[in-house]
Amino acid sequence: MKVSKVLFIVLVVLSLVAACAPAATPAPAQPAATTAPAKPAAPAGTAACAPNCAYKDMVMCFPQLGAESDWRTADTASFKDTATKLGFKQLVFSDAQQKQENQISAVRACIQQKVNVIALPPVVEDGFEPVLTEAKNAGIPVIIVDRSVSADKSLYASHIGSDMVLEGERSAAEFNKLLPNGGAVLELSGTTGSGAAVGRAKGFRNKLNSNIKILDSQTGNFTRAEAKPVMEAFLKKYKAGTDFQGIFIHNDDMGIGAIESLKAAGVKPGDLKIVSVDGTRGGFQAMVDGWFQADVECNPLLGPQVAEMALKLMNGQTIDREVLTNETVYYPDKAAELLPSRQY
Ligand code: AHR
């Protein structure tokens, strides 16, 4: 037999023996290293005093958007009274005078101060992403108060306020009853780009009967002073009672400004159908005097709810991402009776 043949046979036999050999037993698993169970990470914004934080530990930043209306004055008072009553460590208050840049600067100052929570009533919807991101990166939770923002929901903890779209829908429903045979209305709208004005305008258009036309829409920036000339200009352009039968007004302060212009032009209470929003004492008086046929409620007394949520955030508790205020519509028949007990 040739040497090469012998080598070939030896190799074949060796490979057969290897194939039939039992598989190597896997090494026994090493017991996992024993470490202490990981503590679940505290939600962002949890304060050092958690879970026992109290109001006396709370520093809340409240960069109020302005002082444009009686509604706003009542809202500010609600936060200041709540802070005093509950005994906050500090309420960092500022008034942005309806300017977004002032509000953004105020938020930045609060981030520097390392407040526990920021309660932000945004003057307009757009443009808050950068500063909300800064607050988030600093671990300071933001509660959006009253009006909404268009920023991504991941940038803030929650929104507490009114359903502005519903308020607009409720206003439309009143006109559908007041003008059953159709007609034309003017719209005196709130601050351009604000969640309140955008939502109310949207809701109004959602529900207004197709036989009621919106003849014109102009902003009065939620103030009496700015609504007055807008109404004057409307009255120069359109004949009250002929060209239009009603006015939808986005807040009571503008309503009061508009009434001054209507009076000056010789329009009498009841000549036009007027629906306003807020339900302030001024709005109730306008119903008593026969100017407003309905006042859609928008409640400014948000301080206590916001404080409660802020404390939960400090203590690392879960909160609702959206809390809408329960509201109604007021009418002239009960206005005189309810007026003395109105809180704002
Ligand atoms: O955002 C709430 C609105 O702002 C109120 O209707 C108005 O009165 C205020 O200025």
# chains A, B, ... in the order shown; residues from 1 in each chain; ligands from 1
$ closest_atom_pairs --of "region 236-333 of chain A" --to "region 129-145 of chain A" --cutoff "8 Å" --atoms "only C-alpha atoms" --output "CSV"
residue,atom,partner,partner_atom,distance
A:Leu302,CA,A:Val145,CA,7.9
A:Val306,CA,A:Ile143,CA,7.6
A:Ala310,CA,A:Ile143,CA,7.8
A:Leu313,CA,A:Pro141,CA,7.5
$ residues_near_ligand --ligand "ligand 1" --cutoff "10 Å" --atoms "only C-alpha atoms and all ligand atoms" --output "number ranges by chain"
A: 65-75, 98, 121-124, 145-148, 161-162, 164, 167, 190-191, 194-197, 200, 221-223, 249-254, 276-280, 296-300
$ write_last_selection --atoms "N, CA and C atoms" --output "compact mmCIF listing (two decimals), in the first residue's frame"
# COMPACT_ATOMS: atom_id res chain seq x y z
N LEU A 65 -48.72 87.29 31.57
CA LEU A 65 -48.55 87.86 30.22
C LEU A 65 -48.89 89.34 30.15
N GLY A 66 -49.67 89.86 31.08
CA GLY A 66 -50.01 91.28 31.03
C GLY A 66 -51.07 91.64 32.04
N ALA A 67 -51.70 92.80 31.81
CA ALA A 67 -52.78 93.27 32.69
C ALA A 67 -53.85 93.90 31.80
N GLU A 68 -54.13 93.18 30.68
CA GLU A 68 -54.95 93.77 29.62
C GLU A 68 -56.45 93.80 29.92
N SER A 69 -56.90 93.01 30.88
CA SER A 69 -58.35 92.88 31.07
C SER A 69 -58.69 92.62 32.54
N ASP A 70 -59.97 92.75 32.87
CA ASP A 70 -60.42 92.41 34.23
C ASP A 70 -60.18 90.93 34.50
N TRP A 71 -60.34 90.12 33.47
CA TRP A 71 -60.07 88.68 33.58
C TRP A 71 -58.63 88.47 34.06
N ARG A 72 -57.70 89.18 33.41
CA ARG A 72 -56.27 89.01 33.73
C ARG A 72 -55.98 89.47 35.16
N THR A 73 -56.62 90.58 35.56
CA THR A 73 -56.42 91.11 36.92
C THR A 73 -56.87 90.05 37.94
N ALA A 74 -58.00 89.40 37.64
CA ALA A 74 -58.51 88.37 38.55
C ALA A 74 -57.60 87.14 38.57
N ASP A 75 -57.03 86.83 37.43
CA ASP A 75 -56.11 85.68 37.33
C ASP A 75 -54.85 85.93 38.16
N GLN A 98 -48.00 92.02 27.66
CA GLN A 98 -48.45 91.42 26.39
C GLN A 98 -47.33 91.30 25.36
N PRO A 121 -48.45 81.43 31.47
CA PRO A 121 -49.63 81.74 30.65
C PRO A 121 -49.13 82.38 29.34
N PRO A 122 -48.99 81.62 28.27
CA PRO A 122 -48.32 82.14 27.07
C PRO A 122 -49.17 83.18 26.34
N VAL A 123 -48.55 84.31 26.03
CA VAL A 123 -49.30 85.39 25.36
C VAL A 123 -49.75 84.95 23.97
N VAL A 124 -48.88 84.22 23.25
CA VAL A 124 -49.24 83.65 21.94
C VAL A 124 -48.88 82.17 21.94
N VAL A 145 -50.40 77.57 31.57
CA VAL A 145 -51.61 78.00 32.26
C VAL A 145 -52.47 78.84 31.31
N ASP A 146 -53.78 78.68 31.39
CA ASP A 146 -54.75 79.50 30.64
C ASP A 146 -54.66 79.19 29.14
N ARG A 147 -53.95 79.98 28.35
CA ARG A 147 -53.87 79.76 26.90
C ARG A 147 -52.92 78.61 26.57
N SER A 148 -53.02 78.10 25.36
CA SER A 148 -52.19 76.95 24.96
C SER A 148 -50.93 77.41 24.21
N GLY A 161 -56.28 75.02 31.92
CA GLY A 161 -56.95 76.23 31.42
C GLY A 161 -58.28 75.90 30.78
N SER A 162 -58.79 76.89 30.04
CA SER A 162 -60.11 76.74 29.42
C SER A 162 -60.01 76.06 28.07
N MET A 164 -60.76 76.77 24.78
CA MET A 164 -61.09 77.98 24.00
C MET A 164 -61.93 77.64 22.76
N GLU A 167 -65.43 77.36 23.88
CA GLU A 167 -66.01 78.70 24.12
C GLU A 167 -66.49 79.32 22.80
N GLY A 190 -59.56 88.53 19.81
CA GLY A 190 -58.52 88.78 20.81
C GLY A 190 -57.14 88.89 20.18
N THR A 191 -56.11 88.89 21.00
CA THR A 191 -54.72 89.04 20.55
C THR A 191 -54.39 88.06 19.42
N SER A 194 -52.87 84.35 19.73
CA SER A 194 -53.01 83.80 21.10
C SER A 194 -53.92 82.58 21.05
N GLY A 195 -53.67 81.64 21.95
CA GLY A 195 -54.49 80.43 22.01
C GLY A 195 -55.95 80.76 22.21
N ALA A 196 -56.23 81.83 22.98
CA ALA A 196 -57.62 82.21 23.25
C ALA A 196 -58.31 82.68 21.97
N ALA A 197 -57.64 83.55 21.21
CA ALA A 197 -58.24 84.08 19.98
C ALA A 197 -58.33 83.00 18.89
N ARG A 200 -61.09 80.38 19.97
CA ARG A 200 -62.47 80.91 19.91
C ARG A 200 -62.90 81.11 18.45
N ASN A 221 -57.14 93.16 20.49
CA ASN A 221 -56.04 92.81 21.42
C ASN A 221 -56.49 92.60 22.87
N PHE A 222 -57.76 92.22 23.06
CA PHE A 222 -58.32 91.92 24.38
C PHE A 222 -58.43 93.14 25.31
N THR A 223 -58.28 94.37 24.76
CA THR A 223 -58.36 95.55 25.65
C THR A 223 -59.52 96.46 25.25
N ILE A 249 -67.77 88.99 20.34
CA ILE A 249 -66.64 89.70 20.95
C ILE A 249 -65.86 88.72 21.84
N HIS A 250 -64.54 88.62 21.61
CA HIS A 250 -63.75 87.59 22.29
C HIS A 250 -63.52 87.82 23.78
N ASN A 251 -63.79 89.01 24.31
CA ASN A 251 -63.77 89.14 25.78
C ASN A 251 -64.59 90.35 26.22
N ASP A 252 -64.92 90.34 27.51
CA ASP A 252 -65.82 91.38 28.05
C ASP A 252 -65.20 92.77 28.00
N ASP A 253 -63.90 92.87 28.22
CA ASP A 253 -63.28 94.20 28.17
C ASP A 253 -63.44 94.83 26.79
N MET A 254 -63.22 94.06 25.75
CA MET A 254 -63.42 94.60 24.40
C MET A 254 -64.90 94.92 24.19
N SER A 276 -70.49 87.80 24.18
CA SER A 276 -69.12 88.03 24.62
C SER A 276 -68.61 86.82 25.40
N VAL A 277 -67.33 86.88 25.76
CA VAL A 277 -66.71 85.76 26.50
C VAL A 277 -66.05 86.31 27.76
N ASP A 278 -66.11 85.58 28.82
CA ASP A 278 -65.43 85.78 30.11
C ASP A 278 -66.38 85.58 31.29
N GLY A 279 -67.44 86.41 31.34
CA GLY A 279 -68.33 86.35 32.51
C GLY A 279 -67.78 87.17 33.68
N THR A 280 -67.17 88.30 33.37
CA THR A 280 -66.69 89.19 34.43
C THR A 280 -67.86 90.04 34.94
N VAL A 296 -70.25 83.94 27.59
CA VAL A 296 -69.69 82.59 27.69
C VAL A 296 -68.56 82.60 28.72
N GLU A 297 -68.68 81.75 29.72
CA GLU A 297 -67.72 81.80 30.83
C GLU A 297 -66.31 81.36 30.43
N CYS A 298 -65.31 82.11 30.96
CA CYS A 298 -63.90 81.69 30.90
C CYS A 298 -63.37 82.02 32.29
N ASN A 299 -63.05 80.98 33.05
CA ASN A 299 -62.74 81.18 34.48
C ASN A 299 -61.26 81.49 34.72
N PRO A 300 -60.95 82.64 35.34
CA PRO A 300 -59.53 83.00 35.56
C PRO A 300 -58.95 82.51 36.89
$ closest_residue --among "A:Leu208, A:Asp152, A:Ala157, A:Met231" --to "Thr46 (chain A)" --atoms "only C-alpha atoms"
A:Ala157
$ residues_around --residues "Phe128 (chain A)" --least-positions-apart "6" --cutoff "10 Å" --atoms "only C-alpha atoms" --output "mmCIF file with N, CA and C atoms, in the first residue's frame"
data_model
loop_
_atom_site.group_PDB
_atom_site.id
_atom_site.type_symbol
_atom_site.label_atom_id
_atom_site.label_comp_id
_atom_site.auth_asym_id
_atom_site.auth_seq_id
_atom_site.Cartn_x
_atom_site.Cartn_y
_atom_site.Cartn_z
ATOM 1 N N GLN A 100 -44.207 88.950 24.040
ATOM 2 C CA GLN A 100 -43.628 87.612 24.183
ATOM 3 C C GLN A 100 -42.162 87.662 24.613
ATOM 4 N N GLU A 101 -41.417 88.649 24.059
ATOM 5 C CA GLU A 101 -39.983 88.709 24.413
ATOM 6 C C GLU A 101 -39.799 88.955 25.904
ATOM 7 N N GLN A 103 -41.862 87.943 28.225
ATOM 8 C CA GLN A 103 -42.205 86.684 28.903
ATOM 9 C C GLN A 103 -41.053 85.686 28.826
ATOM 10 N N ILE A 104 -40.424 85.613 27.661
ATOM 11 C CA ILE A 104 -39.299 84.681 27.485
ATOM 12 C C ILE A 104 -38.141 85.078 28.415
ATOM 13 N N PRO A 122 -48.992 81.621 28.268
ATOM 14 C CA PRO A 122 -48.322 82.138 27.071
ATOM 15 C C PRO A 122 -49.166 83.183 26.337
ATOM 16 N N VAL A 149 -50.003 76.469 24.027
ATOM 17 C CA VAL A 149 -48.826 76.698 23.179
ATOM 18 C C VAL A 149 -48.833 75.653 22.059
ATOM 19 N N SER A 150 -48.139 75.978 20.966
ATOM 20 C CA SER A 150 -48.075 75.017 19.861
ATOM 21 C C SER A 150 -46.872 74.077 20.017
ATOM 22 N N ALA A 151 -46.018 74.316 21.022
ATOM 23 C CA ALA A 151 -44.805 73.500 21.216
ATOM 24 C C ALA A 151 -45.162 72.036 21.486
ATOM 25 N N ASP A 152 -44.205 71.153 21.214
ATOM 26 C CA ASP A 152 -44.410 69.734 21.449
ATOM 27 C C ASP A 152 -44.722 69.492 22.930
ATOM 28 N N LEU A 155 -42.294 69.047 25.899
ATOM 29 C CA LEU A 155 -41.518 70.166 26.446
ATOM 30 C C LEU A 155 -42.146 70.778 27.701
#
$ closest_residue --among "A:Val267, A:Ala336, A:Arg205, A:Gln285" --to "Arg170 (chain A)" --atoms "only C-alpha atoms"
A:Arg205
$ atom_distance --atom1 "CA of Asp95 (chain A)" --atom2 "CA of Gly45 (chain A)"
24.6 Å
$ atom_distance --atom1 "CA of Ala294 (chain A)" --atom2 "CA of Tyr330 (chain A)"
5.8 Å
$ select_by_dssp --residues "region 3-223 of chain A" --states "strand (DSSP E)" --output "PyMOL selection string"
chain A and resi 59-64+90-95+117-120+142-145+158-161+183-189+212-219
$ residues_around --residues "Gly182 (chain A)" --least-positions-apart "2" --cutoff "12 Å" --atoms "only C-alpha atoms" --output "PDB file with N, CA, C and O atoms, in the first residue's frame"
ATOM      1  N   PHE A 175     -75.555  82.479  18.756  1.00  0.00           N
ATOM      2  CA  PHE A 175     -75.990  83.206  17.548  1.00  0.00           C
ATOM      3  C   PHE A 175     -76.979  82.382  16.731  1.00  0.00           C
ATOM      4  O   PHE A 175     -77.898  82.939  16.127  1.00  0.00           O
ATOM      5  N   ASN A 176     -76.791  81.071  16.717  1.00  0.00           N
ATOM      6  CA  ASN A 176     -77.733  80.221  15.968  1.00  0.00           C
ATOM      7  C   ASN A 176     -79.147  80.367  16.543  1.00  0.00           C
ATOM      8  O   ASN A 176     -80.134  80.319  15.812  1.00  0.00           O
ATOM      9  N   LYS A 177     -79.206  80.579  17.896  1.00  0.00           N
ATOM     10  CA  LYS A 177     -80.526  80.775  18.538  1.00  0.00           C
ATOM     11  C   LYS A 177     -81.012  82.215  18.341  1.00  0.00           C
ATOM     12  O   LYS A 177     -82.190  82.452  18.112  1.00  0.00           O
ATOM     13  N   LEU A 178     -80.067  83.174  18.435  1.00  0.00           N
ATOM     14  CA  LEU A 178     -80.451  84.598  18.363  1.00  0.00           C
ATOM     15  C   LEU A 178     -80.834  85.026  16.951  1.00  0.00           C
ATOM     16  O   LEU A 178     -81.644  85.937  16.769  1.00  0.00           O
ATOM     17  N   LEU A 179     -80.230  84.387  15.949  1.00  0.00           N
ATOM     18  CA  LEU A 179     -80.514  84.745  14.542  1.00  0.00           C
ATOM     19  C   LEU A 179     -80.996  83.493  13.796  1.00  0.00           C
ATOM     20  O   LEU A 179     -80.308  82.984  12.898  1.00  0.00           O
ATOM     21  N   PRO A 180     -82.188  82.985  14.153  1.00  0.00           N
ATOM     22  CA  PRO A 180     -82.631  81.712  13.540  1.00  0.00           C
ATOM     23  C   PRO A 180     -82.832  81.812  12.028  1.00  0.00           C
ATOM     24  O   PRO A 180     -82.740  80.809  11.327  1.00  0.00           O
ATOM     25  N   ALA A 184     -75.853  88.540   9.419  1.00  0.00           N
ATOM     26  CA  ALA A 184     -74.403  88.769   9.339  1.00  0.00           C
ATOM     27  C   ALA A 184     -73.903  89.255  10.692  1.00  0.00           C
ATOM     28  O   ALA A 184     -74.601  90.008  11.391  1.00  0.00           O
ATOM     29  N   VAL A 185     -72.711  88.816  11.046  1.00  0.00           N
ATOM     30  CA  VAL A 185     -72.116  89.253  12.316  1.00  0.00           C
ATOM     31  C   VAL A 185     -70.698  89.760  12.080  1.00  0.00           C
ATOM     32  O   VAL A 185     -70.022  89.350  11.135  1.00  0.00           O
ATOM     33  N   LEU A 208     -71.067  77.754  13.674  1.00  0.00           N
ATOM     34  CA  LEU A 208     -72.000  78.792  13.222  1.00  0.00           C
ATOM     35  C   LEU A 208     -72.842  78.269  12.040  1.00  0.00           C
ATOM     36  O   LEU A 208     -72.295  77.687  11.099  1.00  0.00           O
ATOM     37  N   ASN A 209     -74.168  78.487  12.123  1.00  0.00           N
ATOM     38  CA  ASN A 209     -75.047  78.049  11.033  1.00  0.00           C
ATOM     39  C   ASN A 209     -74.616  78.675   9.710  1.00  0.00           C
ATOM     40  O   ASN A 209     -74.161  79.826   9.688  1.00  0.00           O
ATOM     41  N   SER A 210     -74.813  77.934   8.631  1.00  0.00           N
ATOM     42  CA  SER A 210     -74.333  78.420   7.328  1.00  0.00           C
ATOM     43  C   SER A 210     -75.101  79.653   6.848  1.00  0.00           C
ATOM     44  O   SER A 210     -74.617  80.375   5.969  1.00  0.00           O
ATOM     45  N   ASN A 211     -76.288  79.933   7.448  1.00  0.00           N
ATOM     46  CA  ASN A 211     -77.026  81.137   7.013  1.00  0.00           C
ATOM     47  C   ASN A 211     -76.570  82.395   7.774  1.00  0.00           C
ATOM     48  O   ASN A 211     -77.131  83.461   7.590  1.00  0.00           O
ATOM     49  N   ILE A 212     -75.555  82.236   8.643  1.00  0.00           N
ATOM     50  CA  ILE A 212     -74.998  83.417   9.326  1.00  0.00           C
ATOM     51  C   ILE A 212     -73.591  83.649   8.774  1.00  0.00           C
ATOM     52  O   ILE A 212     -72.728  82.773   8.841  1.00  0.00           O
ATOM     53  N   LYS A 213     -73.421  84.860   8.243  1.00  0.00           N
ATOM     54  CA  LYS A 213     -72.139  85.173   7.599  1.00  0.00           C
ATOM     55  C   LYS A 213     -71.265  86.007   8.549  1.00  0.00           C
ATOM     56  O   LYS A 213     -71.780  86.866   9.272  1.00  0.00           O
ATOM     57  N   ILE A 214     -69.956  85.734   8.551  1.00  0.00           N
ATOM     58  CA  ILE A 214     -69.036  86.599   9.312  1.00  0.00           C
ATOM     59  C   ILE A 214     -68.591  87.704   8.350  1.00  0.00           C
ATOM     60  O   ILE A 214     -67.783  87.478   7.447  1.00  0.00           O
ATOM     61  N   PHE A 244     -75.192  94.327   9.300  1.00  0.00           N
ATOM     62  CA  PHE A 244     -74.915  93.258  10.273  1.00  0.00           C
ATOM     63  C   PHE A 244     -75.919  93.328  11.431  1.00  0.00           C
ATOM     64  O   PHE A 244     -76.438  94.400  11.751  1.00  0.00           O
ATOM     65  N   GLN A 245     -76.190  92.181  12.003  1.00  0.00           N
ATOM     66  CA  GLN A 245     -77.181  92.098  13.086  1.00  0.00           C
ATOM     67  C   GLN A 245     -76.567  91.721  14.427  1.00  0.00           C
ATOM     68  O   GLN A 245     -77.231  91.803  15.465  1.00  0.00           O
ATOM     69  N   GLY A 246     -75.316  91.277  14.391  1.00  0.00           N
ATOM     70  CA  GLY A 246     -74.725  90.831  15.660  1.00  0.00           C
ATOM     71  C   GLY A 246     -73.223  91.046  15.708  1.00  0.00           C
ATOM     72  O   GLY A 246     -72.578  91.322  14.688  1.00  0.00           O
TER      73      GLY A 246
END
$ residues_around --residues "Phe79 (chain A)" --least-positions-apart "5" --cutoff "10 Å" --atoms "only C-alpha atoms" --output "list in words"
Met60, Phe62, Gln64, Ala74, Thr84, Lys85, Leu91, Phe93, Ala119, Pro300, Leu301, Leu302, Gly303, Pro304, Gln305, Val306 and Ala307 of chain A
$ write_last_selection --atoms "all heavy atoms" --output "tab-separated table (two decimals), in the first residue's frame"
chain	number	residue	atom	x	y	z
A	60	MET	N	-42.38	79.24	43.06
A	60	MET	CA	-43.08	79.15	41.77
A	60	MET	C	-42.86	80.43	40.97
A	60	MET	O	-43.00	81.53	41.48
A	60	MET	CB	-44.59	78.96	41.97
A	60	MET	CG	-45.36	78.88	40.66
A	60	MET	SD	-47.13	78.95	40.86
A	60	MET	CE	-47.47	77.27	41.34
A	62	PHE	N	-44.19	82.79	38.06
A	62	PHE	CA	-45.43	83.09	37.35
A	62	PHE	C	-45.22	84.33	36.47
A	62	PHE	O	-45.49	85.46	36.88
A	62	PHE	CB	-46.57	83.30	38.35
A	62	PHE	CG	-47.91	83.52	37.70
A	62	PHE	CD1	-48.38	82.69	36.70
A	62	PHE	CD2	-48.72	84.57	38.10
A	62	PHE	CE1	-49.61	82.90	36.09
A	62	PHE	CE2	-49.96	84.80	37.51
A	62	PHE	CZ	-50.40	83.96	36.50
A	64	GLN	N	-46.59	86.42	34.34
A	64	GLN	CA	-47.92	86.77	33.81
A	64	GLN	C	-47.76	87.51	32.48
A	64	GLN	O	-46.80	88.28	32.29
A	64	GLN	CB	-48.66	87.63	34.84
A	64	GLN	CG	-50.03	88.10	34.46
A	64	GLN	CD	-51.03	86.97	34.14
A	64	GLN	OE1	-50.91	86.31	33.09
A	64	GLN	NE2	-51.99	86.74	35.01
A	74	ALA	N	-58.00	89.40	37.64
A	74	ALA	CA	-58.51	88.37	38.55
A	74	ALA	C	-57.60	87.14	38.57
A	74	ALA	O	-57.39	86.52	39.62
A	74	ALA	CB	-59.92	87.97	38.11
A	84	THR	N	-50.06	83.36	49.03
A	84	THR	CA	-50.09	83.87	50.41
A	84	THR	C	-50.83	82.88	51.31
A	84	THR	O	-50.34	82.51	52.38
A	84	THR	CB	-50.82	85.24	50.45
A	84	THR	OG1	-50.20	86.08	49.48
A	84	THR	CG2	-50.75	85.89	51.80
A	85	LYS	N	-51.98	82.45	50.84
A	85	LYS	CA	-52.83	81.56	51.66
A	85	LYS	C	-52.13	80.23	51.96
A	85	LYS	O	-52.15	79.73	53.08
A	85	LYS	CB	-54.13	81.31	50.90
A	85	LYS	CG	-55.31	81.06	51.82
A	85	LYS	CD	-56.60	81.12	51.04
A	85	LYS	CE	-57.39	79.85	51.34
A	85	LYS	NZ	-58.42	79.57	50.37
A	91	LEU	N	-43.36	83.43	45.37
A	91	LEU	CA	-43.99	83.48	44.05
A	91	LEU	C	-43.21	84.53	43.27
A	91	LEU	O	-43.22	85.71	43.63
A	91	LEU	CB	-45.47	83.88	44.14
A	91	LEU	CG	-46.19	83.98	42.80
A	91	LEU	CD1	-46.47	82.59	42.21
A	91	LEU	CD2	-47.50	84.75	42.91
A	93	PHE	N	-43.21	86.75	40.55
A	93	PHE	CA	-44.20	87.32	39.64
A	93	PHE	C	-43.58	88.37	38.73
A	93	PHE	O	-42.73	89.14	39.16
A	93	PHE	CB	-45.35	87.95	40.45
A	93	PHE	CG	-46.38	88.62	39.59
A	93	PHE	CD1	-47.39	87.88	38.99
A	93	PHE	CD2	-46.32	89.99	39.33
A	93	PHE	CE1	-48.32	88.48	38.16
A	93	PHE	CE2	-47.25	90.61	38.50
A	93	PHE	CZ	-48.25	89.85	37.92
A	119	ALA	N	-45.12	78.38	36.07
A	119	ALA	CA	-46.51	78.37	35.60
A	119	ALA	C	-46.60	79.46	34.54
A	119	ALA	O	-46.60	80.64	34.86
A	119	ALA	CB	-47.45	78.66	36.76
A	300	PRO	N	-60.95	82.64	35.34
A	300	PRO	CA	-59.53	83.00	35.56
A	300	PRO	C	-58.95	82.51	36.89
A	300	PRO	O	-57.77	82.69	37.14
A	300	PRO	CB	-59.59	84.53	35.58
A	300	PRO	CG	-60.95	84.85	36.14
A	300	PRO	CD	-61.87	83.72	35.76
A	301	LEU	N	-59.78	81.91	37.74
A	301	LEU	CA	-59.34	81.60	39.11
A	301	LEU	C	-58.56	80.28	39.14
A	301	LEU	O	-59.01	79.27	39.70
A	301	LEU	CB	-60.55	81.57	40.06
A	301	LEU	CG	-61.43	82.84	39.97
A	301	LEU	CD1	-62.63	82.73	40.88
A	301	LEU	CD2	-60.62	84.09	40.29
A	302	LEU	N	-57.38	80.29	38.52
A	302	LEU	CA	-56.63	79.05	38.30
A	302	LEU	C	-55.55	78.78	39.36
A	302	LEU	O	-54.94	77.71	39.36
A	302	LEU	CB	-55.97	79.10	36.91
A	302	LEU	CG	-56.94	79.27	35.73
A	302	LEU	CD1	-56.18	79.55	34.45
A	302	LEU	CD2	-57.81	78.04	35.56
A	303	GLY	N	-55.29	79.76	40.23
A	303	GLY	CA	-54.19	79.64	41.20
A	303	GLY	C	-54.20	78.36	42.03
A	303	GLY	O	-53.18	77.64	42.05
A	304	PRO	N	-55.31	78.02	42.70
A	304	PRO	CA	-55.29	76.84	43.57
A	304	PRO	C	-54.98	75.53	42.83
A	304	PRO	O	-54.17	74.72	43.31
A	304	PRO	CB	-56.72	76.81	44.16
A	304	PRO	CG	-57.19	78.24	44.08
A	304	PRO	CD	-56.57	78.79	42.83
A	305	GLN	N	-55.58	75.36	41.66
A	305	GLN	CA	-55.33	74.12	40.87
A	305	GLN	C	-53.86	74.01	40.45
A	305	GLN	O	-53.27	72.94	40.48
A	305	GLN	CB	-56.13	74.21	39.57
A	305	GLN	CG	-57.44	73.50	39.54
A	305	GLN	CD	-58.08	73.77	38.19
A	305	GLN	OE1	-58.36	74.93	37.86
A	305	GLN	NE2	-58.29	72.74	37.41
A	306	VAL	N	-53.31	75.15	40.01
A	306	VAL	CA	-51.92	75.14	39.54
A	306	VAL	C	-50.98	74.84	40.71
A	306	VAL	O	-50.02	74.07	40.58
A	306	VAL	CB	-51.58	76.47	38.83
A	306	VAL	CG1	-50.11	76.53	38.46
A	306	VAL	CG2	-52.44	76.64	37.58
A	307	ALA	N	-51.28	75.43	41.89
A	307	ALA	CA	-50.44	75.19	43.08
A	307	ALA	C	-50.44	73.71	43.44
A	307	ALA	O	-49.39	73.12	43.73
A	307	ALA	CB	-50.97	76.03	44.24
$ closest_residue --among "A:Lys99, A:Arg108, A:Arg281, A:Lys56" --to "Tyr344 (chain A)" --atoms "only C-alpha atoms"
A:Arg281
$ closest_residue --among "A:Asp216, A:Asp295, A:Asp333, A:Asp320" --to "Ala173 (chain A)" --atoms "only C-alpha atoms"
A:Asp295
$ decode --residues "region 179-216 of chain A" --atoms "C-alpha atoms" --output "PDB file, in the first residue's frame"
ATOM      1  CA  LEU A 179     -80.514  84.745  14.542  1.00  0.00           C
ATOM      2  CA  PRO A 180     -82.631  81.712  13.540  1.00  0.00           C
ATOM      3  CA  ASN A 181     -83.307  83.175  10.099  1.00  0.00           C
ATOM      4  CA  GLY A 182     -79.659  83.967   9.467  1.00  0.00           C
ATOM      5  CA  GLY A 183     -77.871  87.281   9.090  1.00  0.00           C
ATOM      6  CA  ALA A 184     -74.403  88.769   9.339  1.00  0.00           C
ATOM      7  CA  VAL A 185     -72.116  89.253  12.316  1.00  0.00           C
ATOM      8  CA  LEU A 186     -68.892  91.083  13.026  1.00  0.00           C
ATOM      9  CA  GLU A 187     -66.108  89.543  15.059  1.00  0.00           C
ATOM     10  CA  LEU A 188     -63.962  91.532  17.493  1.00  0.00           C
ATOM     11  CA  SER A 189     -61.166  89.114  18.077  1.00  0.00           C
ATOM     12  CA  GLY A 190     -58.517  88.779  20.810  1.00  0.00           C
ATOM     13  CA  THR A 191     -54.724  89.041  20.546  1.00  0.00           C
ATOM     14  CA  THR A 192     -53.583  87.733  17.160  1.00  0.00           C
ATOM     15  CA  GLY A 193     -51.870  84.360  17.501  1.00  0.00           C
ATOM     16  CA  SER A 194     -53.012  83.801  21.096  1.00  0.00           C
ATOM     17  CA  GLY A 195     -54.485  80.430  22.010  1.00  0.00           C
ATOM     18  CA  ALA A 196     -57.622  82.211  23.252  1.00  0.00           C
ATOM     19  CA  ALA A 197     -58.244  84.076  19.976  1.00  0.00           C
ATOM     20  CA  VAL A 198     -57.251  81.178  17.712  1.00  0.00           C
ATOM     21  CA  GLY A 199     -59.394  78.674  19.646  1.00  0.00           C
ATOM     22  CA  ARG A 200     -62.467  80.906  19.910  1.00  0.00           C
ATOM     23  CA  ALA A 201     -62.324  81.860  16.218  1.00  0.00           C
ATOM     24  CA  LYS A 202     -61.992  78.204  15.258  1.00  0.00           C
ATOM     25  CA  GLY A 203     -64.833  77.008  17.487  1.00  0.00           C
ATOM     26  CA  PHE A 204     -67.066  79.848  16.271  1.00  0.00           C
ATOM     27  CA  ARG A 205     -66.573  78.831  12.646  1.00  0.00           C
ATOM     28  CA  ASN A 206     -67.031  75.147  13.524  1.00  0.00           C
ATOM     29  CA  LYS A 207     -70.567  75.630  14.803  1.00  0.00           C
ATOM     30  CA  LEU A 208     -72.000  78.792  13.222  1.00  0.00           C
ATOM     31  CA  ASN A 209     -75.047  78.049  11.033  1.00  0.00           C
ATOM     32  CA  SER A 210     -74.333  78.420   7.328  1.00  0.00           C
ATOM     33  CA  ASN A 211     -77.026  81.137   7.013  1.00  0.00           C
ATOM     34  CA  ILE A 212     -74.998  83.417   9.326  1.00  0.00           C
ATOM     35  CA  LYS A 213     -72.139  85.173   7.599  1.00  0.00           C
ATOM     36  CA  ILE A 214     -69.036  86.599   9.312  1.00  0.00           C
ATOM     37  CA  LEU A 215     -68.969  90.006   7.626  1.00  0.00           C
ATOM     38  CA  ASP A 216     -65.621  91.149   9.058  1.00  0.00           C
TER      39      ASP A 216
END
